[in-house]
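Dumped run-v7.cif below, it's mmCIF, C-alpha atoms:
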data_my_file
loop_
_atom_site.group_PDB
_atom_site.id
_atom_site.type_symbol
_atom_site.label_atom_id
_atom_site.label_comp_id
_atom_site.auth_asym_id
_atom_site.auth_seq_id
_atom_site.Cartn_x
_atom_site.Cartn_y
_atom_site.Cartn_z
ATOM 1 C CA MET A 158 -21.888 -11.267 -5.603
ATOM 2 C CA ILE A 159 -18.153 -11.615 -6.146
ATOM 3 C CA GLY A 160 -17.875 -9.506 -9.312
ATOM 4 C CA THR A 161 -14.258 -8.855 -10.222
ATOM 5 C CA LYS A 162 -12.914 -8.769 -6.676
ATOM 6 C CA TRP A 163 -11.112 -12.078 -7.247
ATOM 7 C CA LEU A 164 -9.610 -10.686 -10.457
ATOM 8 C CA ALA A 165 -8.287 -7.649 -8.594
ATOM 9 C CA GLY A 166 -6.759 -9.909 -5.979
ATOM 10 C CA THR A 167 -5.245 -12.165 -8.624
ATOM 11 C CA LEU A 168 -3.773 -9.502 -10.904
ATOM 12 C CA LEU A 169 -2.721 -6.958 -8.298
ATOM 13 C CA GLY A 170 -2.071 -9.365 -5.455
ATOM 14 C CA LEU A 171 1.013 -11.015 -6.939
ATOM 15 C CA PRO A 172 3.037 -7.807 -7.430
ATOM 16 C CA LEU A 173 1.891 -6.622 -4.009
ATOM 17 C CA ALA A 174 2.968 -9.890 -2.368
ATOM 18 C CA ILE A 175 6.364 -9.747 -4.082
ATOM 19 C CA ALA A 176 6.881 -6.114 -3.054
ATOM 20 C CA LEU A 177 5.922 -6.838 0.565
ATOM 21 C CA CYS A 178 8.275 -9.822 0.734
ATOM 22 C CA THR A 179 11.055 -7.763 -0.852
ATOM 23 C CA LEU A 180 10.580 -5.052 1.755
ATOM 24 C CA GLY A 181 10.684 -7.744 4.411
ATOM 25 C CA ILE A 182 14.012 -9.263 3.382
ATOM 26 C CA LEU A 183 15.958 -6.080 2.718
ATOM 27 C CA TRP A 184 17.028 -5.618 6.307
ATOM 28 C CA LEU A 185 17.799 -9.192 7.279
ATOM 29 C CA PRO A 186 20.946 -9.534 9.404
ATOM 30 C CA GLY A 187 22.663 -11.831 6.877
ATOM 31 C CA GLY A 188 21.697 -9.695 3.901
ATOM 32 C CA TRP A 189 18.888 -10.167 1.453
ATOM 33 C CA GLU A 190 20.617 -13.066 -0.315
ATOM 34 C CA GLY A 191 19.894 -15.407 2.580
ATOM 35 C CA GLY A 192 16.168 -14.730 2.515
ATOM 36 C CA VAL A 193 15.384 -14.835 -1.198
ATOM 37 C CA VAL A 194 14.155 -18.432 -1.322
ATOM 38 C CA LEU A 195 12.031 -17.983 1.788
ATOM 39 C CA ALA A 196 10.617 -14.720 0.425
ATOM 40 C CA ILE A 197 9.660 -16.370 -2.870
ATOM 41 C CA MET A 198 7.879 -19.172 -1.024
ATOM 42 C CA LEU A 199 6.130 -16.738 1.316
ATOM 43 C CA SER A 200 5.075 -14.505 -1.567
ATOM 44 C CA PHE A 201 2.935 -17.340 -2.932
ATOM 45 C CA VAL A 202 1.220 -17.809 0.436
ATOM 46 C CA LEU A 203 0.746 -14.045 0.766
ATOM 47 C CA TRP A 204 -0.669 -13.881 -2.776
ATOM 48 C CA VAL A 205 -3.302 -16.502 -1.949
ATOM 49 C CA ALA A 206 -4.135 -14.589 1.244
ATOM 50 C CA ILE A 207 -4.520 -11.342 -0.728
ATOM 51 C CA ILE A 208 -6.820 -13.054 -3.236
ATOM 52 C CA SER A 209 -8.918 -14.395 -0.369
ATOM 53 C CA LEU A 210 -8.999 -11.080 1.464
ATOM 54 C CA SER A 211 -9.947 -9.194 -1.691
ATOM 55 C CA LEU A 212 -13.292 -10.982 -1.596
ATOM 56 C CA LEU A 213 -14.101 -9.212 1.677
ATOM 57 C CA PHE A 214 -14.338 -5.754 0.062
ATOM 58 C CA GLU A 215 -17.835 -4.360 -0.332
ATOM 59 C CA THR A 216 -17.436 -3.530 -4.019
ATOM 60 C CA SER A 217 -15.104 -4.506 -6.810
ATOM 61 C CA LEU A 218 -14.088 -0.887 -7.290
ATOM 62 C CA ARG A 219 -12.986 -0.646 -3.678
ATOM 63 C CA ALA A 220 -10.902 -3.823 -4.047
ATOM 64 C CA TRP A 221 -9.207 -2.503 -7.187
ATOM 65 C CA LEU A 222 -8.490 0.902 -5.626
ATOM 66 C CA TRP A 223 -7.055 -0.491 -2.388
ATOM 67 C CA LEU A 224 -4.839 -2.970 -4.199
ATOM 68 C CA VAL A 225 -3.611 -0.356 -6.689
ATOM 69 C CA GLY A 226 -2.891 1.947 -3.749
ATOM 70 C CA GLY A 227 -1.013 -0.794 -1.909
ATOM 71 C CA ASN A 228 1.093 -1.511 -4.978
ATOM 72 C CA LEU A 229 1.867 2.173 -5.491
ATOM 73 C CA VAL A 230 2.948 2.591 -1.877
ATOM 74 C CA CYS A 231 5.128 -0.536 -1.793
ATOM 75 C CA TYR A 232 6.810 0.071 -5.131
ATOM 76 C CA GLY A 233 7.183 3.761 -4.290
ATOM 77 C CA ILE A 234 9.107 2.791 -1.160
ATOM 78 C CA LEU A 235 11.265 0.368 -3.165
ATOM 79 C CA VAL A 236 12.051 3.016 -5.790
ATOM 80 C CA ALA A 237 12.834 5.597 -3.106
ATOM 81 C CA LEU A 238 15.182 3.162 -1.360
ATOM 82 C CA ARG A 239 16.867 2.428 -4.666
ATOM 83 C CA LEU A 240 17.304 6.127 -5.474
ATOM 84 C CA LEU A 241 18.711 6.806 -2.014
ATOM 85 C CA HIS A 242 21.153 3.897 -2.454
ATOM 86 C CA ALA A 243 19.738 2.345 0.716
ATOM 87 C CA MET A 244 18.972 -0.888 -1.111
ATOM 88 C CA PRO A 245 21.672 -3.201 -2.465
ATOM 89 C CA PRO A 246 21.774 -3.719 -6.238
ATOM 90 C CA ALA A 247 19.782 -6.648 -7.576
ATOM 91 C CA SER A 248 22.774 -8.269 -9.211
ATOM 92 C CA ALA A 249 26.546 -8.102 -9.031
ATOM 93 C CA LEU A 250 26.647 -6.857 -12.630
ATOM 94 C CA SER A 251 24.723 -3.678 -11.829
ATOM 95 C CA ALA A 252 27.193 -2.908 -9.018
ATOM 96 C CA VAL A 253 30.141 -3.281 -11.426
ATOM 97 C CA THR A 254 28.668 -1.178 -14.209
ATOM 98 C CA GLY A 255 27.433 1.484 -11.815
ATOM 99 C CA SER A 256 23.829 1.482 -13.037
#

Please express what this file holds, its structure, as structure tokens.
Amino acid sequence: MIGTKWLAGTLLGLPLAIALCTLGILWLPGGWEGGVVLAIMLSFVLWVAIISLSLLFETSLRAWLWLVGGNLVCYGILVALRLLHAMPPASALSAVTGS
């Protein structure tokens, strides 16, 4: 029985896919600006893969917990990089205002 495994993959898979693609483009040789379009396209493919793979968990609870954990880890790394100023600002305006 599928239960809510697909729902876990759908709701938690998109932010996880975006975070993974963001982590992937941060250290590109040409800067992250050159990889944004590719990352957005790949995030959709990764999202579909996460939805599909979420159906392989034994229980719905396990799917939800693993995907929540993956999101926490990925966004924790992104926040830590931002706090350490190891990640470029998201827009030119935030660099000018200093936020």

### Query
Got a sec: who's within 10 Å of Ile197 of chain A, counting only C-alpha atoms, leaving out chain neighbours fewer than 5 positions off, as a ChimeraX atom specification?
/A:174-175,178-179,192,202-203

#### Entry: Best match for closeness to Ser211 of chain A among A:Trp189, A:Leu171, A:Val230, A:Trp223, counting only C-alpha atoms
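Answer, going by the shortest atom-to-atom distance: A:Trp223.
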
### Message
Calculated over all atoms listed in the file, which of the candidates A:Ala243, A:Val193, A:Ala165, A:Ile234 has the smallest distance to Arg219 of chain A?
### Response
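Of all the options, A:Ala165 lies closest to Arg219 of chain A.
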
### Task
Name the residues that the PyMOL selection byres ((chain A and resi 224) around 12) pulls out of this structure, and write them as number ranges by chain.
A: 162-174, 204, 207-208, 210-212, 214, 217-223, 225-231

### Query
atom CA of Glu215 of chain A to atom CA of Tyr232 of chain A: how many Å, to one decimal?
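So the answer is 25.5 Å.
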